[in-house]
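Trainee: Compact mmCIF, C-alpha atoms, saved as coords_30.txt, coming up:
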# COMPACT_ATOMS: atom_id res chain seq x y z
CA MET H 1 100.78 105.12 -156.64
CA TYR H 2 98.06 103.54 -154.54
CA PHE H 3 96.90 99.93 -154.72
CA VAL H 4 93.29 100.31 -153.63
CA SER H 5 91.66 99.22 -156.90
CA ASP H 6 92.37 98.61 -160.55
CA ASN H 7 89.47 100.99 -161.16
CA ASN H 8 91.76 103.79 -159.99
CA ALA H 9 93.78 103.53 -163.18
CA GLY H 10 93.06 105.72 -166.17
CA ALA H 11 92.31 104.53 -169.69
CA HIS H 12 94.92 103.02 -171.98
CA PRO H 13 96.17 105.44 -174.66
CA ALA H 14 95.00 103.05 -177.40
CA VAL H 15 91.50 103.13 -175.94
CA LEU H 16 91.54 106.93 -175.90
CA ALA H 17 92.74 106.91 -179.50
CA ALA H 18 89.89 104.59 -180.47
CA LEU H 19 87.41 106.94 -178.80
CA ALA H 20 88.84 109.88 -180.73
CA ALA H 21 88.58 107.93 -184.00
CA ALA H 22 84.96 107.01 -183.24
CA ASN H 23 84.23 110.70 -182.71
CA ASP H 24 84.80 111.48 -186.39
CA GLY H 25 81.51 112.56 -187.91
CA HIS H 26 77.99 111.22 -187.43
CA ALA H 27 76.92 107.60 -187.05
CA HIS H 28 73.65 105.79 -186.52
CA SER H 29 72.58 105.62 -182.88
CA TYR H 30 71.74 102.80 -180.46
CA GLY H 31 74.35 100.43 -181.84
CA ALA H 32 73.39 100.54 -185.52
CA ASP H 33 76.86 101.77 -186.48
CA PRO H 34 79.97 100.16 -188.03
CA VAL H 35 82.05 100.40 -184.83
CA THR H 36 79.49 98.45 -182.81
CA GLU H 37 79.21 95.91 -185.61
CA HIS H 38 83.00 95.51 -185.59
CA ALA H 39 83.04 95.02 -181.82
CA GLY H 40 80.33 92.38 -182.08
CA ALA H 41 82.38 90.54 -184.70
CA LEU H 42 85.40 90.60 -182.40
CA PHE H 43 83.41 89.00 -179.59
CA LYS H 44 82.39 86.27 -182.03
CA ARG H 45 86.06 85.79 -182.89
CA HIS H 46 86.94 85.29 -179.22
CA PHE H 47 83.84 83.48 -177.93
CA GLY H 48 82.52 81.70 -181.03
CA GLU H 49 80.29 82.51 -183.97
CA HIS H 50 77.19 81.85 -181.88
CA ALA H 51 78.06 84.60 -179.39
CA GLU H 52 75.69 87.57 -179.25
CA THR H 53 76.74 90.66 -177.30
CA VAL H 54 75.21 93.76 -175.77
CA PHE H 55 77.17 96.49 -174.04
CA ALA H 56 76.92 98.23 -170.69
CA VAL H 57 78.89 100.92 -168.91
CA THR H 58 79.30 99.15 -165.55
CA GLY H 59 79.98 95.62 -164.41
CA THR H 60 76.95 95.67 -162.14
CA ALA H 61 74.69 96.53 -165.09
CA ALA H 62 76.24 93.72 -167.12
CA ASN H 63 75.59 91.24 -164.31
CA VAL H 64 72.00 92.44 -163.91
CA ILE H 65 71.32 91.97 -167.64
CA ALA H 66 72.92 88.52 -167.59
CA LEU H 67 70.98 87.33 -164.56
CA ALA H 68 67.73 88.86 -165.84
CA ALA H 69 68.06 86.70 -168.94
CA MET H 70 68.42 83.58 -166.82
CA LEU H 71 66.11 84.04 -163.84
CA ARG H 72 62.45 84.64 -163.07
CA PRO H 73 61.28 86.30 -159.84
CA TYR H 74 60.60 82.90 -158.27
CA ASP H 75 64.14 81.66 -159.03
CA THR H 76 67.41 81.68 -157.12
CA ALA H 77 71.04 81.56 -158.27
CA LEU H 78 73.91 80.00 -156.36
CA CYS H 79 77.00 82.11 -155.72
CA ALA H 80 80.00 82.28 -153.40
CA ASP H 81 79.51 84.43 -150.30
CA SER H 82 82.46 86.55 -151.48
CA ALA H 83 81.02 87.09 -154.97
CA HIS H 84 80.71 90.63 -156.28
CA VAL H 85 77.05 90.06 -157.19
CA PHE H 86 76.37 89.30 -153.53
CA THR H 87 78.66 91.67 -151.62
CA ASP H 88 79.30 94.68 -153.82
CA GLU H 89 76.28 95.44 -155.99
CA CYS H 90 73.99 96.98 -153.36
CA GLY H 91 71.36 94.29 -153.94
CA ALA H 92 70.95 95.32 -157.59
CA PRO H 93 70.54 91.78 -158.97
CA GLU H 94 67.88 90.93 -156.40
CA ARG H 95 66.01 94.22 -156.68
CA LEU H 96 66.12 94.63 -160.44
CA VAL H 97 65.80 90.99 -161.42
CA GLY H 98 63.50 90.10 -158.53
CA ALA H 99 65.18 86.74 -157.96
CA ARG H 100 67.19 85.56 -154.97
CA LEU H 101 70.90 84.91 -154.60
CA THR H 102 71.84 81.90 -152.48
CA ALA H 103 75.34 82.50 -151.13
CA VAL H 104 77.49 79.71 -149.72
CA PRO H 105 80.88 79.86 -147.99
CA THR H 106 83.99 78.84 -149.90
CA ALA H 107 87.62 78.32 -148.98
CA ASP H 108 89.00 80.57 -151.71
CA GLY H 109 86.04 82.13 -153.51
CA ARG H 110 85.53 79.16 -155.83
CA LEU H 111 82.39 77.05 -155.94
CA THR H 112 82.64 73.27 -156.28
CA PRO H 113 80.49 70.79 -158.22
CA ALA H 114 79.41 69.29 -154.88
CA GLN H 115 77.98 72.65 -153.83
CA VAL H 116 76.11 72.87 -157.13
CA VAL H 117 74.63 69.41 -156.57
CA ALA H 118 73.53 70.31 -153.04
CA PHE H 119 71.96 73.54 -154.31
CA ALA H 120 70.11 71.75 -157.12
CA ALA H 121 68.74 69.19 -154.68
CA SER H 122 67.35 71.76 -152.24
CA PRO H 123 63.95 70.31 -151.20
CA TYR H 124 62.06 73.56 -150.68
CA ARG H 125 60.00 73.88 -153.85
CA PRO H 126 57.28 75.15 -154.30
CA HIS H 127 57.47 77.06 -151.03
CA GLY H 128 60.94 78.43 -151.66
CA ALA H 129 62.71 79.91 -154.66
CA ARG H 130 63.50 77.52 -157.51
CA PRO H 131 67.20 76.71 -158.05
CA ARG H 132 67.80 77.91 -161.58
CA ALA H 133 71.35 79.15 -162.11
CA VAL H 134 74.91 79.22 -160.85
CA THR H 135 76.97 82.40 -161.04
CA VAL H 136 80.74 82.28 -160.64
CA ALA H 137 83.38 84.97 -160.92
CA GLN H 138 86.46 84.31 -163.06
CA PRO H 139 88.74 85.26 -161.43
CA THR H 140 87.00 85.32 -158.07
CA GLU H 141 86.72 88.38 -155.89
CA LEU H 142 89.66 86.92 -153.97
CA GLY H 143 91.87 86.83 -157.06
CA THR H 144 91.80 83.05 -157.44
CA VAL H 145 91.03 81.36 -160.74
CA TYR H 146 89.15 78.34 -162.02
CA SER H 147 91.06 76.27 -164.55
CA ALA H 148 89.29 75.71 -167.86
CA ALA H 149 88.67 72.11 -166.77
CA GLU H 150 87.19 73.22 -163.45
CA LEU H 151 84.81 75.61 -165.19
CA ARG H 152 83.75 72.90 -167.62
CA ALA H 153 83.08 70.58 -164.67
CA LEU H 154 80.89 73.22 -163.04
CA ALA H 155 79.03 73.79 -166.30
CA GLU H 156 78.49 70.07 -166.83
CA THR H 157 77.23 69.63 -163.27
CA ALA H 158 74.92 72.63 -163.52
CA HIS H 159 73.47 71.52 -166.85
CA ALA H 160 73.01 67.96 -165.61
CA TYR H 161 70.63 69.35 -162.99
CA GLY H 162 68.86 71.74 -165.34
CA LEU H 163 70.73 74.81 -164.10
CA LEU H 164 72.25 77.62 -166.15
CA LEU H 165 75.80 78.96 -165.68
CA HIS H 166 76.76 82.63 -165.60
CA VAL H 167 80.40 83.71 -165.52
CA ASP H 168 81.11 87.13 -164.03
CA GLY H 169 84.21 87.99 -166.03
CA ALA H 170 84.89 91.53 -164.84
CA ARG H 171 88.57 90.48 -164.87
CA LEU H 172 88.30 87.57 -167.30
CA ALA H 173 91.28 88.94 -169.19
CA ASN H 174 93.43 88.56 -166.07
CA ALA H 175 92.34 84.95 -165.62
CA ALA H 176 93.05 84.11 -169.26
CA ALA H 177 96.46 85.78 -169.08
CA ALA H 178 97.26 83.86 -165.88
CA LEU H 179 96.27 80.52 -167.40
CA GLY H 180 97.66 81.18 -170.87
CA THR H 181 94.31 80.58 -172.55
CA GLY H 182 92.02 82.47 -174.87
CA LEU H 183 88.96 84.26 -173.53
CA GLY H 184 86.55 81.77 -175.06
CA GLU H 185 88.28 78.81 -173.41
CA LEU H 186 87.33 80.24 -170.01
CA ALA H 187 83.70 80.51 -171.05
CA GLU H 188 83.28 77.01 -172.45
CA GLY H 189 80.04 75.60 -171.11
CA ALA H 190 78.78 78.92 -169.78
CA ASP H 191 75.40 80.20 -170.91
CA VAL H 192 76.07 83.91 -170.35
CA VAL H 193 79.31 85.79 -169.62
CA SER H 194 79.78 89.28 -168.26
CA PHE H 195 83.00 90.58 -169.78
CA GLY H 196 84.82 93.52 -168.27
CA GLY H 197 86.78 96.10 -170.19
CA THR H 198 86.82 98.81 -167.52
CA LYS H 199 89.36 97.03 -165.32
CA ASN H 200 91.49 96.19 -168.35
CA GLY H 201 92.25 99.67 -169.62
CA ALA H 202 88.87 100.88 -170.86
CA LEU H 203 87.06 103.99 -169.69
CA ALA H 204 83.55 102.64 -169.06
CA ALA H 205 82.95 99.49 -171.03
CA ASP H 206 81.51 96.14 -170.02
CA ALA H 207 79.68 93.57 -172.10
CA VAL H 208 77.19 90.73 -171.79
CA VAL H 209 78.06 87.80 -174.05
CA PHE H 210 75.19 85.38 -174.65
CA LEU H 211 76.40 81.91 -175.56
CA ASP H 212 72.99 80.22 -175.29
CA PRO H 213 70.96 81.33 -178.34
CA GLY H 214 67.70 80.90 -176.45
CA LEU H 215 68.77 83.36 -173.79
CA ALA H 216 70.00 85.84 -176.41
CA ALA H 217 66.59 86.38 -177.97
CA ASP H 218 65.53 89.23 -175.65
CA ARG H 219 68.97 90.73 -175.10
CA ALA H 220 68.14 94.13 -176.62
CA LEU H 221 65.00 94.43 -174.51
CA LEU H 222 66.92 93.56 -171.35
CA GLN H 223 69.63 96.05 -172.28
CA LYS H 224 67.08 98.82 -172.79
CA GLN H 225 65.13 98.05 -169.62
CA SER H 226 68.39 98.06 -167.67
CA MET H 227 69.09 101.57 -168.98
CA GLN H 228 72.19 100.41 -170.88
CA LEU H 229 71.06 100.95 -174.49
CA LEU H 230 73.25 103.95 -175.14
CA ALA H 231 72.36 106.45 -177.83
CA LYS H 232 76.02 106.86 -178.81
CA ALA H 233 76.90 103.20 -178.44
CA ARG H 234 79.88 103.46 -180.76
CA PHE H 235 81.95 105.00 -177.96
CA THR H 236 81.53 101.95 -175.75
CA ALA H 237 82.07 99.58 -178.66
CA ALA H 238 85.22 101.42 -179.77
CA GLN H 239 86.90 100.60 -176.48
CA PHE H 240 86.38 96.89 -177.04
CA VAL H 241 87.71 97.22 -180.58
CA ALA H 242 90.91 98.65 -179.11
CA LEU H 243 91.19 95.84 -176.56
CA LEU H 244 90.11 92.83 -178.62
CA ASP H 245 91.33 93.55 -182.16
CA GLY H 246 94.79 92.33 -181.26
CA ASP H 247 96.46 91.39 -177.97
CA LEU H 248 96.05 94.58 -175.95
CA TRP H 249 93.61 92.85 -173.59
CA ARG H 250 96.22 90.18 -172.85
CA THR H 251 99.14 92.60 -172.64
CA ASN H 252 97.31 94.77 -170.12
CA ALA H 253 96.18 91.81 -168.01
CA ALA H 254 99.55 90.07 -168.05
CA SER H 255 101.26 93.28 -166.95
CA ALA H 256 98.86 93.71 -164.02
CA ASN H 257 99.32 90.07 -163.02
CA ALA H 258 103.11 90.35 -163.17
CA THR H 259 103.29 93.43 -160.96
CA ALA H 260 100.91 91.76 -158.48
CA ALA H 261 103.26 88.79 -158.30
CA ARG H 262 106.15 91.17 -157.67
CA LEU H 263 104.18 92.94 -154.95
CA ALA H 264 103.21 89.61 -153.37
CA GLY H 265 106.86 88.66 -153.06
CA ILE H 266 107.60 91.89 -151.23
CA VAL H 267 104.54 91.73 -148.97
CA SER H 268 105.02 88.07 -148.01
CA ALA H 269 108.61 88.77 -146.92
CA LEU H 270 107.52 91.33 -144.32
CA PRO H 271 107.64 90.20 -140.68
CA GLY H 272 104.37 88.82 -139.36
CA VAL H 273 102.62 88.93 -142.76
CA LYS H 274 100.76 86.01 -144.27
CA LEU H 275 99.19 85.90 -147.69
CA ALA H 276 95.53 84.90 -147.36
CA TYR H 277 95.08 83.41 -150.84
CA PRO H 278 97.28 82.35 -153.74
CA VAL H 279 98.21 85.34 -155.89
CA GLN H 280 97.08 84.18 -159.31
CA THR H 281 95.91 87.40 -160.96
CA ASN H 282 96.23 91.07 -159.99
CA ALA H 283 95.01 90.89 -156.38
CA VAL H 284 97.18 90.46 -153.30
CA PHE H 285 95.39 89.63 -150.04
CA ALA H 286 97.46 89.68 -146.87
CA HIS H 287 96.95 89.69 -143.12
CA LEU H 288 98.95 92.59 -141.72
CA PRO H 289 99.92 93.26 -138.11
CA GLU H 290 97.73 95.89 -136.44
CA PRO H 291 100.53 98.47 -136.03
CA ALA H 292 101.13 98.53 -139.78
CA LEU H 293 97.48 98.94 -140.74
CA ALA H 294 97.17 102.59 -139.73
CA ALA H 295 100.37 103.54 -141.53
CA LEU H 296 99.14 101.92 -144.73
CA GLU H 297 95.62 103.38 -144.60
CA GLY H 298 94.60 104.41 -148.11
CA TYR H 299 97.26 102.39 -149.88
CA GLY H 300 95.09 99.27 -150.01
CA SER H 301 91.56 98.20 -149.10
CA ARG H 302 90.67 96.85 -145.67
CA TRP H 303 88.78 93.63 -146.34
CA GLY H 304 86.27 93.09 -143.58
CA PRO H 305 86.62 93.96 -139.90
CA GLY H 306 89.88 92.08 -139.29
CA THR H 307 93.45 92.57 -140.43
CA LEU H 308 92.97 91.43 -144.04
CA VAL H 309 94.04 93.98 -146.66
CA ARG H 310 93.72 93.82 -150.44
CA PHE H 311 96.27 95.39 -152.76
CA MET H 312 95.36 95.62 -156.45
CA THR H 313 97.60 96.31 -159.42
CA ALA H 314 96.39 97.66 -162.77
CA PHE H 315 97.43 97.57 -166.41
CA ASP H 316 99.58 100.68 -165.91
CA THR H 317 101.29 99.60 -162.68
CA THR H 318 105.03 99.31 -163.21
CA ALA H 319 107.80 97.48 -161.41
CA VAL H 320 109.09 100.90 -160.34
CA ASP H 321 105.71 101.67 -158.75
CA VAL H 322 105.85 98.41 -156.81
CA ASP H 323 109.40 99.00 -155.68
CA ARG H 324 108.55 102.52 -154.51
CA PHE H 325 105.63 101.12 -152.57
CA ALA H 326 108.01 98.62 -151.00
CA THR H 327 109.69 101.58 -149.32
CA VAL H 328 106.34 102.65 -147.86
CA LEU H 329 105.69 99.11 -146.69
CA HIS H 330 109.05 98.75 -145.00
CA ALA H 331 108.60 102.13 -143.28
CA ALA H 332 105.22 100.99 -141.91
CA PHE H 333 106.87 97.93 -140.37
CA THR H 334 109.78 99.80 -138.77
CA ARG H 335 107.80 102.46 -136.89
Let me see the file written as structure tokens.
Mentor:
Amino acid sequence: MYFVSDNNAGAHPAVLAALAAANDGHAHSYGADPVTEHAGALFKRHFGEHAETVFAVTGTAANVIALAAMLRPYDTALCADSAHVFTDECGAPERLVGARLTAVPTADGRLTPAQVVAFAASPYRPHGARPRAVTVAQPTELGTVYSAAELRALAETAHAYGLLLHVDGARLANAAAALGTGLGELAEGADVVSFGGTKNGALAADAVVFLDPGLAADRALLQKQSMQLLAKARFTAAQFVALLDGDLWRTNAASANATAARLAGIVSALPGVKLAYPVQTNAVFAHLPEPALAALEGYGSRWGPGTLVRFMTAFDTTAVDVDRFATVLHAAFTR
């Protein structure tokens, strides 16, 4: 068992069963099928009756569609300098949307209302890009979470200055499980949400949930232009049916969070180790002594050029897996 990424996990058996069920017979293509309709209804159940959803097969594609709905080529969106849209999407939002990302440093991956105000007041129009949106990850790329109240405050600040709010929810299920909320509570005030299924037990399933009806109008066109209008859309939709038609999304996320907390307790007890950020979801960031880094190569992800390492748990990580890894960890510190 390695802890490099929650993407390393397979698909949940219930998701595979839903795919097999969707494979029975013919169905209309491009989303005009009962499974896709069911999935759309489930998103309305979780995010509100006004929610309109399109599907994608990667989180990057979902973020591109979301930002394309919000930005014009002369616009810019504020994000944390650790945000996935800025560090891990190979410039896709900027190239495919044509707008800029304005990244600012944060203490723990979370933007503040004060940073939004400063961004909105940037005095460089019309010679610079127009501040138009704020994009935040929930949880952040550092595993930290915004409370529902903190997200509402960001949304209220953004809207007060005429800005839109996008929530990158690739692991939104983990945040909701950590805070004991529903999914929709962590999207209150947002205009568009990217919702991830892939990291929560799906095979290749992400979604873009439009909460602003005005932004939803061209969603199908944006989906098609982003090469995410799948001919056999029912297979993507079926995965969300498995996750959202019940509590599987929460069960999977809560399990990943719990094993991360267990792993954090083990890692933080090692000599010379310091956790870099609070462990609130399924990510454990720790500064490790140099001698241990080589021995643990491949078990986690080196985060930058220093001694920071990220360990990720997944929906199928067990306490036994963590305890076995503890043996590897202890061996690396006793060489």
Trainee: If you count only C-alpha atoms, which residues fall within 8 Å of segment 261-275 of chain H, apart from same-chain ones fewer than 4 positions away, as a PDB file with C-alpha atoms, in the frame of the given file?
Mentor:
ATOM      1  CA  ASN H 257      99.320  90.070-163.020  1.00  0.00           C
ATOM      2  CA  VAL H 279      98.210  85.340-155.890  1.00  0.00           C
ATOM      3  CA  GLN H 280      97.080  84.180-159.310  1.00  0.00           C
ATOM      4  CA  THR H 281      95.910  87.400-160.960  1.00  0.00           C
ATOM      5  CA  ASN H 282      96.230  91.070-159.990  1.00  0.00           C
ATOM      6  CA  VAL H 284      97.180  90.460-153.300  1.00  0.00           C
ATOM      7  CA  PHE H 285      95.390  89.630-150.040  1.00  0.00           C
ATOM      8  CA  ALA H 286      97.460  89.680-146.870  1.00  0.00           C
ATOM      9  CA  HIS H 287      96.950  89.690-143.120  1.00  0.00           C
ATOM     10  CA  LEU H 288      98.950  92.590-141.720  1.00  0.00           C
ATOM     11  CA  PRO H 289      99.920  93.260-138.110  1.00  0.00           C
ATOM     12  CA  ALA H 319     107.800  97.480-161.410  1.00  0.00           C
ATOM     13  CA  VAL H 322     105.850  98.410-156.810  1.00  0.00           C
ATOM     14  CA  ALA H 326     108.010  98.620-151.000  1.00  0.00           C
ATOM     15  CA  LEU H 329     105.690  99.110-146.690  1.00  0.00           C
ATOM     16  CA  HIS H 330     109.050  98.750-145.000  1.00  0.00           C
ATOM     17  CA  PHE H 333     106.870  97.930-140.370  1.00  0.00           C
TER      18      PHE H 333
END
Trainee: Around the point (77.2, 95.0, -163.3) in the file's coordinates, collect all residues with an atom within 10 Å, using all atoms listed in the file, and return them as a list of chain:residue names.
Mentor: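 Nearby residues: H:Ala56, H:Val57, H:Thr58, H:Gly59, H:Thr60, H:Ala61, H:Ala62, H:Asn63, H:Val64, H:Ile65, H:Ala66, H:Leu67, H:His84, H:Val85, H:Asp88, H:Glu89, H:Ala92, H:Pro93, H:Asp168, H:Ala170, H:Ser194, H:Phe195, H:Gly196, H:Asp206, H:Ala207, H:Val208.
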Trainee: Write out as a JSON list (two decimals) with C-alpha atoms, in the coordinates of the input each polymer residue whose atoms come within 10 Å of Ala39 of chain H, counting all atoms listed in the file; drop sequence neighbours fewer than 6 positions from it.
Mentor:
[["chain", "number", "residue", "atom", "x", "y", "z"],
["H", 45, "ARG", "CA", 86.06, 85.79, -182.89],
["H", 53, "THR", "CA", 76.74, 90.66, -177.30],
["H", 54, "VAL", "CA", 75.21, 93.76, -175.77],
["H", 55, "PHE", "CA", 77.17, 96.49, -174.04],
["H", 234, "ARG", "CA", 79.88, 103.46, -180.76],
["H", 236, "THR", "CA", 81.53, 101.95, -175.75],
["H", 237, "ALA", "CA", 82.07, 99.58, -178.66],
["H", 238, "ALA", "CA", 85.22, 101.42, -179.77],
["H", 239, "GLN", "CA", 86.90, 100.60, -176.48],
["H", 240, "PHE", "CA", 86.38, 96.89, -177.04],
["H", 241, "VAL", "CA", 87.71, 97.22, -180.58],
["H", 242, "ALA", "CA", 90.91, 98.65, -179.11],
["H", 243, "LEU", "CA", 91.19, 95.84, -176.56],
["H", 244, "LEU", "CA", 90.11, 92.83, -178.62],
["H", 245, "ASP", "CA", 91.33, 93.55, -182.16]]
Trainee: Do you know which residues are at most 7 Å from Ala233 of chain H counting all atoms listed in the file, after dropping those on the same chain fewer than 5 positions away, and could you put them as a list in words?
Mentor: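 Near neighbours after the sequence-gap exclusion: Ser29, Tyr30, Gly31 and Thr36 of chain H.
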Trainee: Can you measure atom CA of Pro113 of chain H to atom CA of Ala153 of chain H for me? One decimal in Å is fine.
Mentor: 7.0 Å
Trainee: Could you check the closest approach to Pro131 of chain H for each of H:Ala178, H:Met70, H:Ala190, H:Leu96 and tell me which residue wins, using all atoms listed in the file?
Mentor: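 Of H:Ala178, H:Met70, H:Ala190, H:Leu96, the one nearest Pro131 of chain H, counting all atoms listed in the file, is H:Met70.
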Trainee: Could you tell me how far atom CA of Arg219 of chain H lies from atom CA of Cys79 of chain H, in Å and to one decimal?
Mentor: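 Between atom CA of Arg219 of chain H and atom CA of Cys79 of chain H the gap is 22.7 Å.
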Trainee: Excluding Gly48 of chain H and any residue of its chain fewer than 4 positions from it, enumerate the residues within 12 Å of it, using all atoms listed in the file, and give them as a PyMOL selection string.
Mentor: chain H and resi 40-44+52-53+182-185+187-189+209-213
Trainee: Please, what distance in Å, to one decimal, runs between atom CA of Ala149 of chain H and atom CA of Ser122 of chain H?
Mentor: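 Computed distance, atom CA of Ala149 of chain H to atom CA of Ser122 of chain H, equals 25.8 Å.
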Trainee: Select, from H:Val116, H:Ala175, H:Ala202, H:Phe3, the residue with the minimum atom-to-atom distance to Glu156 of chain H, counting only C-alpha atoms.
Mentor: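 Under the stated criterion, the closest residue is H:Val116.
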Trainee: Choose the residue, out of H:Asp316, H:Pro126, H:Thr106, H:His28, that has the smallest atom-to-atom separation from Tyr74 of chain H; count only C-alpha atoms.
Mentor: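 Counting only C-alpha atoms, the residue closest to Tyr74 of chain H is H:Pro126.
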Trainee: Select, from H:Ala133, H:Arg125, H:Ala103, H:Asn23, the residue with the minimum atom-to-atom distance to Thr76 of chain H, counting only C-alpha atoms.
Mentor: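 When distances to Thr76 of chain H are compared using only C-alpha atoms, the smallest one comes from H:Ala133.
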Trainee: Using only C-alpha atoms, pick whichever of H:Ala129, H:Thr140, H:Ala258, H:Ala32 has the shortest atom-to-atom distance to Leu229 of chain H.
Mentor: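 The closest residue to Leu229 of chain H is H:Ala32.
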Trainee: Which is closest to Ser147 of chain H among H:Arg110, H:His127, H:Lys232, H:His38, if we use all atoms listed in the file?
Mentor: H:Arg110
Trainee: Quick one: 6 Å padding each side, axis-aligned, all listed atoms of segment 47-60 of chain H - centre and edge lengths in Å to one decimal, as lines of an AutoDock Vina configuration file?
Mentor:
center_x = 79.5
center_y = 91.3
center_z = -173.1
size_x = 20.6
size_y = 31.2
size_z = 33.8
Trainee: For Thr318 of chain H, find every residue with an atom within 9 Å (counting all atoms listed in the file), except residues of its own chain fewer than 6 positions away, and show them as a short mmCIF file (atom, residue, chain, number, x, y, z; two decimals) with C-alpha atoms, keeping the file's coordinate frame.
Mentor:
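Contents of the output file around07.cif:
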data_model
loop_
_atom_site.label_atom_id
_atom_site.label_comp_id
_atom_site.auth_asym_id
_atom_site.auth_seq_id
_atom_site.Cartn_x
_atom_site.Cartn_y
_atom_site.Cartn_z
CA SER H 255 101.26 93.28 -166.95
CA ALA H 256 98.86 93.71 -164.02
CA THR H 259 103.29 93.43 -160.96
#
